[in-house]
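Chemist: Data file final-v1.txt (compact mmCIF, N, CA and C atoms) is appended below.
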```txt
# COMPACT_ATOMS: atom_id res chain seq x y z
N MET A 197 116.20 75.03 77.70
CA MET A 197 117.61 75.31 77.59
C MET A 197 118.06 74.89 76.20
N HIS A 198 118.80 75.77 75.55
CA HIS A 198 119.32 75.44 74.23
C HIS A 198 120.81 75.15 74.35
N TYR A 199 121.22 74.04 73.76
CA TYR A 199 122.64 73.69 73.73
C TYR A 199 123.12 73.74 72.29
N GLN A 200 124.09 74.60 72.04
CA GLN A 200 124.70 74.72 70.72
C GLN A 200 125.83 73.70 70.63
N LEU A 201 125.74 72.80 69.67
CA LEU A 201 126.77 71.77 69.51
C LEU A 201 128.11 72.42 69.13
N LYS A 202 129.15 71.96 69.77
CA LYS A 202 130.50 72.42 69.43
C LYS A 202 130.94 71.82 68.10
N ARG A 203 130.44 70.59 67.83
CA ARG A 203 130.75 69.90 66.58
C ARG A 203 129.44 69.39 65.99
N PRO A 204 128.82 70.19 65.14
CA PRO A 204 127.55 69.77 64.52
C PRO A 204 127.67 68.42 63.82
N ILE A 205 126.55 67.74 63.74
CA ILE A 205 126.50 66.42 63.10
C ILE A 205 125.39 66.39 62.06
N THR A 206 125.37 65.33 61.30
CA THR A 206 124.25 65.05 60.41
C THR A 206 123.60 63.78 60.94
N PHE A 207 122.28 63.84 61.13
CA PHE A 207 121.54 62.69 61.64
C PHE A 207 120.35 62.45 60.74
N ASP A 208 120.23 61.24 60.23
CA ASP A 208 119.16 60.89 59.28
C ASP A 208 119.10 61.88 58.12
N GLY A 209 120.28 62.31 57.65
CA GLY A 209 120.35 63.20 56.50
C GLY A 209 120.10 64.67 56.81
N ASN A 210 119.86 64.99 58.08
CA ASN A 210 119.58 66.38 58.47
C ASN A 210 120.71 66.94 59.34
N PRO A 211 121.12 68.18 59.08
CA PRO A 211 122.15 68.77 59.93
C PRO A 211 121.58 69.08 61.32
N VAL A 212 122.38 68.81 62.34
CA VAL A 212 121.99 69.12 63.72
C VAL A 212 123.07 70.03 64.28
N THR A 213 122.69 71.26 64.60
CA THR A 213 123.65 72.23 65.12
C THR A 213 123.43 72.54 66.60
N GLY A 214 122.26 72.17 67.10
CA GLY A 214 121.95 72.42 68.50
C GLY A 214 120.74 71.61 68.92
N LEU A 215 120.51 71.56 70.22
CA LEU A 215 119.37 70.84 70.79
C LEU A 215 118.68 71.73 71.82
N ALA A 216 117.37 71.72 71.82
CA ALA A 216 116.59 72.48 72.79
C ALA A 216 116.02 71.50 73.81
N PHE A 217 116.48 71.61 75.05
CA PHE A 217 116.03 70.73 76.12
C PHE A 217 115.00 71.43 76.97
N ASP A 218 113.90 70.73 77.28
CA ASP A 218 112.89 71.25 78.20
C ASP A 218 112.71 70.21 79.30
N PHE A 219 113.66 70.18 80.21
CA PHE A 219 113.60 69.21 81.31
C PHE A 219 112.41 69.48 82.22
N GLU A 220 111.99 70.74 82.29
CA GLU A 220 110.88 71.11 83.18
C GLU A 220 109.55 70.52 82.74
N LYS A 221 109.44 70.12 81.47
CA LYS A 221 108.17 69.53 81.00
C LYS A 221 108.02 68.08 81.45
N LEU A 222 109.13 67.46 81.83
CA LEU A 222 109.09 66.05 82.24
C LEU A 222 108.31 65.90 83.53
N THR A 223 107.61 64.79 83.63
CA THR A 223 106.84 64.48 84.83
C THR A 223 107.47 63.30 85.56
N GLY A 224 107.02 63.06 86.76
CA GLY A 224 107.47 61.87 87.49
C GLY A 224 107.17 60.61 86.69
N ALA A 225 106.02 60.58 86.03
CA ALA A 225 105.66 59.42 85.22
C ALA A 225 106.65 59.22 84.08
N ASP A 226 107.13 60.33 83.49
CA ASP A 226 108.14 60.22 82.43
C ASP A 226 109.42 59.58 82.96
N LEU A 227 109.86 60.04 84.12
CA LEU A 227 111.08 59.51 84.71
C LEU A 227 110.95 58.02 85.00
N LEU A 228 109.81 57.63 85.55
CA LEU A 228 109.58 56.21 85.85
C LEU A 228 109.47 55.38 84.58
N GLN A 229 108.84 55.92 83.57
CA GLN A 229 108.69 55.19 82.30
C GLN A 229 110.06 54.93 81.67
N VAL A 230 110.92 55.93 81.67
CA VAL A 230 112.26 55.76 81.12
C VAL A 230 113.02 54.72 81.93
N GLU A 231 112.91 54.79 83.25
CA GLU A 231 113.60 53.82 84.11
C GLU A 231 113.11 52.40 83.85
N GLN A 232 111.80 52.21 83.77
CA GLN A 232 111.25 50.87 83.54
C GLN A 232 111.65 50.33 82.17
N MET A 233 111.62 51.19 81.14
CA MET A 233 112.02 50.77 79.80
C MET A 233 113.47 50.32 79.80
N LEU A 234 114.32 51.10 80.46
CA LEU A 234 115.74 50.78 80.49
C LEU A 234 116.00 49.51 81.29
N ARG A 235 115.30 49.34 82.41
CA ARG A 235 115.47 48.12 83.21
C ARG A 235 115.10 46.88 82.39
N LYS A 236 114.00 46.95 81.64
CA LYS A 236 113.58 45.82 80.81
C LYS A 236 114.61 45.51 79.74
N ARG A 237 115.11 46.55 79.07
CA ARG A 237 116.10 46.36 78.01
C ARG A 237 117.39 45.75 78.56
N LEU A 238 117.82 46.21 79.72
CA LEU A 238 119.05 45.70 80.32
C LEU A 238 118.88 44.27 80.83
N ALA A 239 117.69 43.93 81.32
CA ALA A 239 117.45 42.60 81.85
C ALA A 239 117.65 41.52 80.80
N VAL A 240 117.37 41.86 79.55
CA VAL A 240 117.53 40.90 78.45
C VAL A 240 118.99 40.44 78.36
N SER A 241 119.91 41.34 78.62
CA SER A 241 121.33 40.99 78.53
C SER A 241 121.94 40.68 79.89
N GLY A 242 121.10 40.59 80.92
CA GLY A 242 121.57 40.26 82.25
C GLY A 242 122.19 41.43 83.01
N GLU A 243 122.04 42.63 82.47
CA GLU A 243 122.58 43.82 83.15
C GLU A 243 121.52 44.39 84.09
N MET A 244 122.00 45.22 85.02
CA MET A 244 121.10 45.84 85.98
C MET A 244 121.27 47.35 85.96
N LEU A 245 120.24 48.04 86.39
CA LEU A 245 120.27 49.49 86.53
C LEU A 245 120.19 49.76 88.03
N LEU A 246 121.33 50.05 88.64
CA LEU A 246 121.37 50.21 90.09
C LEU A 246 120.99 51.61 90.54
N MET A 247 121.61 52.61 89.98
CA MET A 247 121.35 54.00 90.37
C MET A 247 121.07 54.81 89.10
N PRO A 248 119.82 54.87 88.69
CA PRO A 248 119.48 55.53 87.42
C PRO A 248 120.05 56.95 87.31
N GLU A 249 119.98 57.71 88.38
CA GLU A 249 120.40 59.11 88.32
C GLU A 249 121.89 59.29 88.02
N SER A 250 122.67 58.22 88.14
CA SER A 250 124.09 58.34 87.81
C SER A 250 124.48 57.45 86.62
N ASP A 251 123.51 56.82 85.99
CA ASP A 251 123.77 55.94 84.86
C ASP A 251 123.62 56.72 83.56
N SER A 252 124.67 56.76 82.76
CA SER A 252 124.63 57.56 81.53
C SER A 252 123.54 57.10 80.58
N ARG A 253 123.20 55.82 80.57
CA ARG A 253 122.14 55.33 79.68
C ARG A 253 120.80 55.94 80.07
N TYR A 254 120.54 56.05 81.35
CA TYR A 254 119.31 56.68 81.84
C TYR A 254 119.32 58.17 81.53
N LEU A 255 120.45 58.82 81.79
CA LEU A 255 120.55 60.26 81.55
C LEU A 255 120.38 60.59 80.08
N VAL A 256 120.93 59.76 79.21
CA VAL A 256 120.78 59.97 77.76
C VAL A 256 119.31 59.83 77.36
N ALA A 257 118.64 58.83 77.89
CA ALA A 257 117.22 58.63 77.56
C ALA A 257 116.38 59.82 78.04
N LEU A 258 116.69 60.37 79.22
CA LEU A 258 115.97 61.54 79.72
C LEU A 258 116.25 62.76 78.85
N ALA A 259 117.51 62.95 78.49
CA ALA A 259 117.88 64.09 77.65
C ALA A 259 117.16 64.01 76.30
N ALA A 260 117.11 62.83 75.72
CA ALA A 260 116.42 62.65 74.45
C ALA A 260 114.94 63.00 74.58
N LEU A 261 114.32 62.53 75.66
CA LEU A 261 112.91 62.83 75.90
C LEU A 261 112.70 64.33 76.08
N ALA A 262 113.58 64.98 76.84
CA ALA A 262 113.47 66.42 77.09
C ALA A 262 113.67 67.23 75.81
N ALA A 263 114.46 66.70 74.87
CA ALA A 263 114.72 67.40 73.62
C ALA A 263 113.76 66.98 72.51
N GLY A 264 113.00 65.91 72.75
CA GLY A 264 112.08 65.43 71.72
C GLY A 264 112.79 64.82 70.53
N VAL A 265 113.91 64.15 70.81
CA VAL A 265 114.70 63.52 69.74
C VAL A 265 114.90 62.05 70.08
N PRO A 266 115.24 61.24 69.09
CA PRO A 266 115.52 59.83 69.38
C PRO A 266 116.83 59.69 70.17
N VAL A 267 116.90 58.69 71.00
CA VAL A 267 118.12 58.40 71.76
C VAL A 267 119.31 58.24 70.82
N GLU A 268 119.07 57.69 69.66
CA GLU A 268 120.14 57.47 68.69
C GLU A 268 120.81 58.78 68.27
N LEU A 269 120.04 59.87 68.27
CA LEU A 269 120.64 61.16 67.93
C LEU A 269 121.66 61.56 69.01
N ILE A 270 121.30 61.38 70.26
CA ILE A 270 122.23 61.70 71.36
C ILE A 270 123.47 60.81 71.25
N HIS A 271 123.27 59.55 70.93
CA HIS A 271 124.40 58.63 70.77
C HIS A 271 125.31 59.05 69.62
N ALA A 272 124.77 59.71 68.62
CA ALA A 272 125.55 60.12 67.44
C ALA A 272 126.38 61.39 67.68
N LEU A 273 126.14 62.08 68.79
CA LEU A 273 126.90 63.30 69.07
C LEU A 273 128.38 62.99 69.25
N LYS A 274 129.22 63.96 68.91
CA LYS A 274 130.65 63.83 69.17
C LYS A 274 130.84 63.77 70.69
N ALA A 275 131.92 63.17 71.13
CA ALA A 275 132.13 62.88 72.56
C ALA A 275 131.96 64.10 73.46
N GLY A 276 132.55 65.23 73.10
CA GLY A 276 132.44 66.42 73.94
C GLY A 276 131.01 66.90 74.11
N ASP A 277 130.26 66.92 73.01
CA ASP A 277 128.85 67.32 73.08
C ASP A 277 128.03 66.29 73.84
N TYR A 278 128.32 65.03 73.60
CA TYR A 278 127.63 63.94 74.31
C TYR A 278 127.79 64.12 75.82
N MET A 279 129.03 64.36 76.26
CA MET A 279 129.28 64.51 77.69
C MET A 279 128.59 65.74 78.27
N GLN A 280 128.50 66.82 77.50
CA GLN A 280 127.79 68.01 77.96
C GLN A 280 126.29 67.74 78.12
N VAL A 281 125.73 66.99 77.19
CA VAL A 281 124.30 66.64 77.26
C VAL A 281 124.04 65.76 78.48
N VAL A 282 124.88 64.75 78.69
CA VAL A 282 124.73 63.87 79.85
C VAL A 282 124.86 64.68 81.14
N SER A 283 125.80 65.60 81.16
CA SER A 283 126.01 66.44 82.33
C SER A 283 124.79 67.31 82.62
N GLN A 284 124.17 67.87 81.59
CA GLN A 284 122.97 68.69 81.79
C GLN A 284 121.81 67.87 82.36
N ALA A 285 121.66 66.65 81.91
CA ALA A 285 120.61 65.78 82.45
C ALA A 285 120.90 65.47 83.91
N ARG A 286 122.15 65.21 84.25
CA ARG A 286 122.53 64.92 85.63
C ARG A 286 122.28 66.14 86.52
N VAL A 287 122.65 67.31 86.05
CA VAL A 287 122.42 68.54 86.82
C VAL A 287 120.93 68.72 87.08
N PHE A 288 120.11 68.47 86.07
CA PHE A 288 118.66 68.58 86.25
C PHE A 288 118.17 67.62 87.32
N LEU A 289 118.57 66.36 87.24
CA LEU A 289 118.09 65.35 88.19
C LEU A 289 118.56 65.63 89.61
N MET A 290 119.78 66.07 89.75
CA MET A 290 120.35 66.30 91.08
C MET A 290 119.93 67.65 91.65
N GLY A 291 119.30 68.48 90.80
CA GLY A 291 118.84 69.77 91.29
C GLY A 291 119.97 70.72 91.64
N GLU A 292 121.14 70.51 91.07
CA GLU A 292 122.27 71.38 91.36
C GLU A 292 121.96 72.79 90.88
N GLY A 293 122.31 73.75 91.72
CA GLY A 293 122.08 75.14 91.37
C GLY A 293 120.69 75.62 91.72
N GLU A 294 119.86 74.76 92.27
CA GLU A 294 118.52 75.17 92.66
C GLU A 294 118.48 75.39 94.16
N GLU A 295 117.52 76.20 94.58
CA GLU A 295 117.37 76.47 96.00
C GLU A 295 116.87 75.22 96.71
N GLU A 296 117.25 75.13 97.97
CA GLU A 296 116.79 74.00 98.78
C GLU A 296 115.30 74.12 99.00
N ILE A 297 114.60 73.02 98.93
CA ILE A 297 113.15 73.01 99.13
C ILE A 297 112.86 73.13 100.62
N PRO A 298 112.04 74.11 101.02
CA PRO A 298 111.74 74.25 102.45
C PRO A 298 110.89 73.09 102.94
N PRO A 299 110.96 72.80 104.25
CA PRO A 299 110.14 71.70 104.77
C PRO A 299 108.65 72.02 104.63
N ALA A 300 107.84 70.97 104.54
CA ALA A 300 106.40 71.13 104.43
C ALA A 300 105.85 71.81 105.68
N CYS A 301 104.78 72.57 105.52
CA CYS A 301 104.20 73.33 106.63
C CYS A 301 103.69 72.43 107.75
N ASP A 302 103.26 71.23 107.40
CA ASP A 302 102.67 70.38 108.41
C ASP A 302 103.72 69.59 109.20
N GLN A 303 104.99 69.76 108.86
CA GLN A 303 106.04 69.07 109.61
C GLN A 303 106.45 69.91 110.81
N ASP A 304 106.76 69.25 111.89
CA ASP A 304 107.24 69.92 113.08
C ASP A 304 108.71 70.24 112.88
N THR A 305 109.02 71.54 112.80
CA THR A 305 110.40 71.95 112.60
C THR A 305 110.98 72.59 113.86
N THR A 306 110.31 72.34 115.01
CA THR A 306 110.79 72.88 116.27
C THR A 306 112.10 72.19 116.63
N PRO A 307 113.14 73.00 116.94
CA PRO A 307 114.41 72.39 117.34
C PRO A 307 114.26 71.54 118.59
N VAL A 308 114.97 70.44 118.64
CA VAL A 308 114.95 69.57 119.80
C VAL A 308 115.99 70.09 120.78
N ALA A 309 115.57 70.26 122.03
CA ALA A 309 116.49 70.80 123.06
C ALA A 309 117.21 69.69 123.78
```
For this file, produce the structure as structure tokens.

Modeler:
Amino acid sequence: MHYQLKRPITFDGNPVTGLAFDFEKLTGADLLQVEQMLRKRLAVSGEMLLMPESDSRYLVALAALAAGVPVELIHALKAGDYMQVVSQARVFLMGEGEEEIPPACDQDTTPVA
């Protein structure tokens, strides 16, 4: 997914006009690695990560990983673009707009009478 910035920025001396996100390339291991890294960083300051999927710090780290950019670049975005990026990461994690996953074949789906 390509996101065109509404307000382009300059990051490390380079113009940034858009970001290409590939959330589908992320693996479960990637998600866990980001969560563990964030939990360790927050523990230093006595903070906790209760619900990663709704925590903007977690969502920003996932978005950065999906775009192949440093987290600092996402932090440097103007507020409107930042919120759009966080929203896209949340939509990906929550599976909004995707079809419901059917039950596994080996599960008994017979209605109870």

Chemist: Which of these residues is nearest to Val281 (chain A), using all atoms listed in the file: A:Val212, A:Ala259, A:Met197, A:Met247?

Modeler: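 The answer is A:Ala259, which sits nearest to Val281 (chain A).
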
Chemist: Write out as a PyMOL selection string each polymer residue whose atoms come within 8 Å of region 217-227 of chain A, counting all atoms listed in the file; drop sequence neighbours fewer than 3 positions from it.

Modeler: chain A and resi 197-199+214+230-233+258-264+285+288

Chemist: As a list of chain:residue names, which residues of chain A does DSSP assign to strand (DSSP E)?

Modeler: A:His198, A:Tyr199, A:Gln200, A:Leu201, A:Lys202, A:Arg203, A:Pro204, A:Ile205, A:Thr206, A:Phe207, A:Asn210, A:Pro211, A:Val212, A:Thr213, A:Gly214, A:Leu215, A:Ala216

Chemist: From (120.8, 59.5, 88.0), in the file's coordinates, out to 8 Å: which residues are reached, counting only N, CA and C atoms? Answer as an MDAnalysis selection string.

Modeler: chainID A and resid 247:252 254:255 285:286 289:290

Chemist: Taking every listed atom of region 269-281 of chain A and adding 8 Å to each side, what centre and edge lengths in Å (one decimal) does the axis-aligned box have, as lines of an AutoDock Vina configuration file?

Modeler:
```
center_x = 126.3
center_y = 63.3
center_z = 73.0
size_x = 28.5
size_y = 25.4
size_z = 27.0
```

Chemist: Among region 198-303 of chain A, which ones does DSSP assign to alpha helix (DSSP H) (computed from the backbone)? Answer as JSON, numbers by chain.

Modeler: {"A": [224, 225, 226, 227, 228, 229, 230, 231, 232, 233, 234, 235, 236, 237, 238, 239, 240, 252, 253, 254, 255, 256, 257, 258, 259, 260, 261, 262, 263, 267, 268, 269, 270, 271, 272, 275, 276, 277, 278, 279, 280, 281, 282, 283, 284, 285, 286, 287, 288, 289, 290]}

Chemist: Produce a file of the selected residues containing N, CA and C atoms, as a compact mmCIF listing (two decimals), in the frame of the given file.

Modeler:
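Okay, selection_8.txt is ready:
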```txt
# COMPACT_ATOMS: atom_id res chain seq x y z
N GLY A 224 107.02 63.06 86.76
CA GLY A 224 107.47 61.87 87.49
C GLY A 224 107.17 60.61 86.69
N ALA A 225 106.02 60.58 86.03
CA ALA A 225 105.66 59.42 85.22
C ALA A 225 106.65 59.22 84.08
N ASP A 226 107.13 60.33 83.49
CA ASP A 226 108.14 60.22 82.43
C ASP A 226 109.42 59.58 82.96
N LEU A 227 109.86 60.04 84.12
CA LEU A 227 111.08 59.51 84.71
C LEU A 227 110.95 58.02 85.00
N LEU A 228 109.81 57.63 85.55
CA LEU A 228 109.58 56.21 85.85
C LEU A 228 109.47 55.38 84.58
N GLN A 229 108.84 55.92 83.57
CA GLN A 229 108.69 55.19 82.30
C GLN A 229 110.06 54.93 81.67
N VAL A 230 110.92 55.93 81.67
CA VAL A 230 112.26 55.76 81.12
C VAL A 230 113.02 54.72 81.93
N GLU A 231 112.91 54.79 83.25
CA GLU A 231 113.60 53.82 84.11
C GLU A 231 113.11 52.40 83.85
N GLN A 232 111.80 52.21 83.77
CA GLN A 232 111.25 50.87 83.54
C GLN A 232 111.65 50.33 82.17
N MET A 233 111.62 51.19 81.14
CA MET A 233 112.02 50.77 79.80
C MET A 233 113.47 50.32 79.80
N LEU A 234 114.32 51.10 80.46
CA LEU A 234 115.74 50.78 80.49
C LEU A 234 116.00 49.51 81.29
N ARG A 235 115.30 49.34 82.41
CA ARG A 235 115.47 48.12 83.21
C ARG A 235 115.10 46.88 82.39
N LYS A 236 114.00 46.95 81.64
CA LYS A 236 113.58 45.82 80.81
C LYS A 236 114.61 45.51 79.74
N ARG A 237 115.11 46.55 79.07
CA ARG A 237 116.10 46.36 78.01
C ARG A 237 117.39 45.75 78.56
N LEU A 238 117.82 46.21 79.72
CA LEU A 238 119.05 45.70 80.32
C LEU A 238 118.88 44.27 80.83
N ALA A 239 117.69 43.93 81.32
CA ALA A 239 117.45 42.60 81.85
C ALA A 239 117.65 41.52 80.80
N VAL A 240 117.37 41.86 79.55
CA VAL A 240 117.53 40.90 78.45
C VAL A 240 118.99 40.44 78.36
N SER A 252 124.67 56.76 82.76
CA SER A 252 124.63 57.56 81.53
C SER A 252 123.54 57.10 80.58
N ARG A 253 123.20 55.82 80.57
CA ARG A 253 122.14 55.33 79.68
C ARG A 253 120.80 55.94 80.07
N TYR A 254 120.54 56.05 81.35
CA TYR A 254 119.31 56.68 81.84
C TYR A 254 119.32 58.17 81.53
N LEU A 255 120.45 58.82 81.79
CA LEU A 255 120.55 60.26 81.55
C LEU A 255 120.38 60.59 80.08
N VAL A 256 120.93 59.76 79.21
CA VAL A 256 120.78 59.97 77.76
C VAL A 256 119.31 59.83 77.36
N ALA A 257 118.64 58.83 77.89
CA ALA A 257 117.22 58.63 77.56
C ALA A 257 116.38 59.82 78.04
N LEU A 258 116.69 60.37 79.22
CA LEU A 258 115.97 61.54 79.72
C LEU A 258 116.25 62.76 78.85
N ALA A 259 117.51 62.95 78.49
CA ALA A 259 117.88 64.09 77.65
C ALA A 259 117.16 64.01 76.30
N ALA A 260 117.11 62.83 75.72
CA ALA A 260 116.42 62.65 74.45
C ALA A 260 114.94 63.00 74.58
N LEU A 261 114.32 62.53 75.66
CA LEU A 261 112.91 62.83 75.90
C LEU A 261 112.70 64.33 76.08
N ALA A 262 113.58 64.98 76.84
CA ALA A 262 113.47 66.42 77.09
C ALA A 262 113.67 67.23 75.81
N ALA A 263 114.46 66.70 74.87
CA ALA A 263 114.72 67.40 73.62
C ALA A 263 113.76 66.98 72.51
N VAL A 267 116.90 58.69 71.00
CA VAL A 267 118.12 58.40 71.76
C VAL A 267 119.31 58.24 70.82
N GLU A 268 119.07 57.69 69.66
CA GLU A 268 120.14 57.47 68.69
C GLU A 268 120.81 58.78 68.27
N LEU A 269 120.04 59.87 68.27
CA LEU A 269 120.64 61.16 67.93
C LEU A 269 121.66 61.56 69.01
N ILE A 270 121.30 61.38 70.26
CA ILE A 270 122.23 61.70 71.36
C ILE A 270 123.47 60.81 71.25
N HIS A 271 123.27 59.55 70.93
CA HIS A 271 124.40 58.63 70.77
C HIS A 271 125.31 59.05 69.62
N ALA A 272 124.77 59.71 68.62
CA ALA A 272 125.55 60.12 67.44
C ALA A 272 126.38 61.39 67.68
N ALA A 275 131.92 63.17 71.13
CA ALA A 275 132.13 62.88 72.56
C ALA A 275 131.96 64.10 73.46
N GLY A 276 132.55 65.23 73.10
CA GLY A 276 132.44 66.42 73.94
C GLY A 276 131.01 66.90 74.11
N ASP A 277 130.26 66.92 73.01
CA ASP A 277 128.85 67.32 73.08
C ASP A 277 128.03 66.29 73.84
N TYR A 278 128.32 65.03 73.60
CA TYR A 278 127.63 63.94 74.31
C TYR A 278 127.79 64.12 75.82
N MET A 279 129.03 64.36 76.26
CA MET A 279 129.28 64.51 77.69
C MET A 279 128.59 65.74 78.27
N GLN A 280 128.50 66.82 77.50
CA GLN A 280 127.79 68.01 77.96
C GLN A 280 126.29 67.74 78.12
N VAL A 281 125.73 66.99 77.19
CA VAL A 281 124.30 66.64 77.26
C VAL A 281 124.04 65.76 78.48
N VAL A 282 124.88 64.75 78.69
CA VAL A 282 124.73 63.87 79.85
C VAL A 282 124.86 64.68 81.14
N SER A 283 125.80 65.60 81.16
CA SER A 283 126.01 66.44 82.33
C SER A 283 124.79 67.31 82.62
N GLN A 284 124.17 67.87 81.59
CA GLN A 284 122.97 68.69 81.79
C GLN A 284 121.81 67.87 82.36
N ALA A 285 121.66 66.65 81.91
CA ALA A 285 120.61 65.78 82.45
C ALA A 285 120.90 65.47 83.91
N ARG A 286 122.15 65.21 84.25
CA ARG A 286 122.53 64.92 85.63
C ARG A 286 122.28 66.14 86.52
N VAL A 287 122.65 67.31 86.05
CA VAL A 287 122.42 68.54 86.82
C VAL A 287 120.93 68.72 87.08
N PHE A 288 120.11 68.47 86.07
CA PHE A 288 118.66 68.58 86.25
C PHE A 288 118.17 67.62 87.32
N LEU A 289 118.57 66.36 87.24
CA LEU A 289 118.09 65.35 88.19
C LEU A 289 118.56 65.63 89.61
N MET A 290 119.78 66.07 89.75
CA MET A 290 120.35 66.30 91.08
C MET A 290 119.93 67.65 91.65
```

Chemist: Which polymer residues have any atom within 10 Å of an atom of Ile205 (chain A), counting only C-alpha atoms, with same-chain residues fewer than 2 positions away left out, as a short mmCIF file (atom, residue, chain, number, x, y, z; two decimals) with N, CA and C atoms, in the frame of the given file?

Modeler:
```cif
data_model
loop_
_atom_site.label_atom_id
_atom_site.label_comp_id
_atom_site.auth_asym_id
_atom_site.auth_seq_id
_atom_site.Cartn_x
_atom_site.Cartn_y
_atom_site.Cartn_z
N LEU A 201 125.74 72.80 69.67
CA LEU A 201 126.77 71.77 69.51
C LEU A 201 128.11 72.42 69.13
N LYS A 202 129.15 71.96 69.77
CA LYS A 202 130.50 72.42 69.43
C LYS A 202 130.94 71.82 68.10
N ARG A 203 130.44 70.59 67.83
CA ARG A 203 130.75 69.90 66.58
C ARG A 203 129.44 69.39 65.99
N PHE A 207 122.28 63.84 61.13
CA PHE A 207 121.54 62.69 61.64
C PHE A 207 120.35 62.45 60.74
N ASP A 208 120.23 61.24 60.23
CA ASP A 208 119.16 60.89 59.28
C ASP A 208 119.10 61.88 58.12
N GLY A 209 120.28 62.31 57.65
CA GLY A 209 120.35 63.20 56.50
C GLY A 209 120.10 64.67 56.81
N ASN A 210 119.86 64.99 58.08
CA ASN A 210 119.58 66.38 58.47
C ASN A 210 120.71 66.94 59.34
N PRO A 211 121.12 68.18 59.08
CA PRO A 211 122.15 68.77 59.93
C PRO A 211 121.58 69.08 61.32
N VAL A 212 122.38 68.81 62.34
CA VAL A 212 121.99 69.12 63.72
C VAL A 212 123.07 70.03 64.28
N THR A 213 122.69 71.26 64.60
CA THR A 213 123.65 72.23 65.12
C THR A 213 123.43 72.54 66.60
N GLY A 214 122.26 72.17 67.10
CA GLY A 214 121.95 72.42 68.50
C GLY A 214 120.74 71.61 68.92
N LEU A 269 120.04 59.87 68.27
CA LEU A 269 120.64 61.16 67.93
C LEU A 269 121.66 61.56 69.01
N ALA A 272 124.77 59.71 68.62
CA ALA A 272 125.55 60.12 67.44
C ALA A 272 126.38 61.39 67.68
N LEU A 273 126.14 62.08 68.79
CA LEU A 273 126.90 63.30 69.07
C LEU A 273 128.38 62.99 69.25
N LYS A 274 129.22 63.96 68.91
CA LYS A 274 130.65 63.83 69.17
C LYS A 274 130.84 63.77 70.69
#
```

Chemist: So which one's closest to Leu215 (chain A), A:Ala239, A:Ile270, A:Met279, A:Val287? Using only C-alpha atoms, please.

Modeler: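 Between A:Ala239, A:Ile270, A:Met279, A:Val287, the residue approaching Leu215 (chain A) most closely is A:Ile270.
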
Chemist: What separation in Å, quoted to one decimal, exists between atom N of Thr206 (chain A) and CA of Val282 (chain A)?

Modeler: 18.6 Å

Chemist: Give me, please, the distance in Å between atom C of Ser283 (chain A) and atom N of Leu234 (chain A), quoted to one decimal.

Modeler: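 Interatomic distance, atom C of Ser283 (chain A) to atom N of Leu234 (chain A): 19.4 Å.
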
Chemist: Record the distance separating atom N of Ala257 (chain A) and atom N of His271 (chain A), expressed in Å with one decimal.

Modeler: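 Pair atom N of Ala257 (chain A) / atom N of His271 (chain A) returns 8.4 Å.
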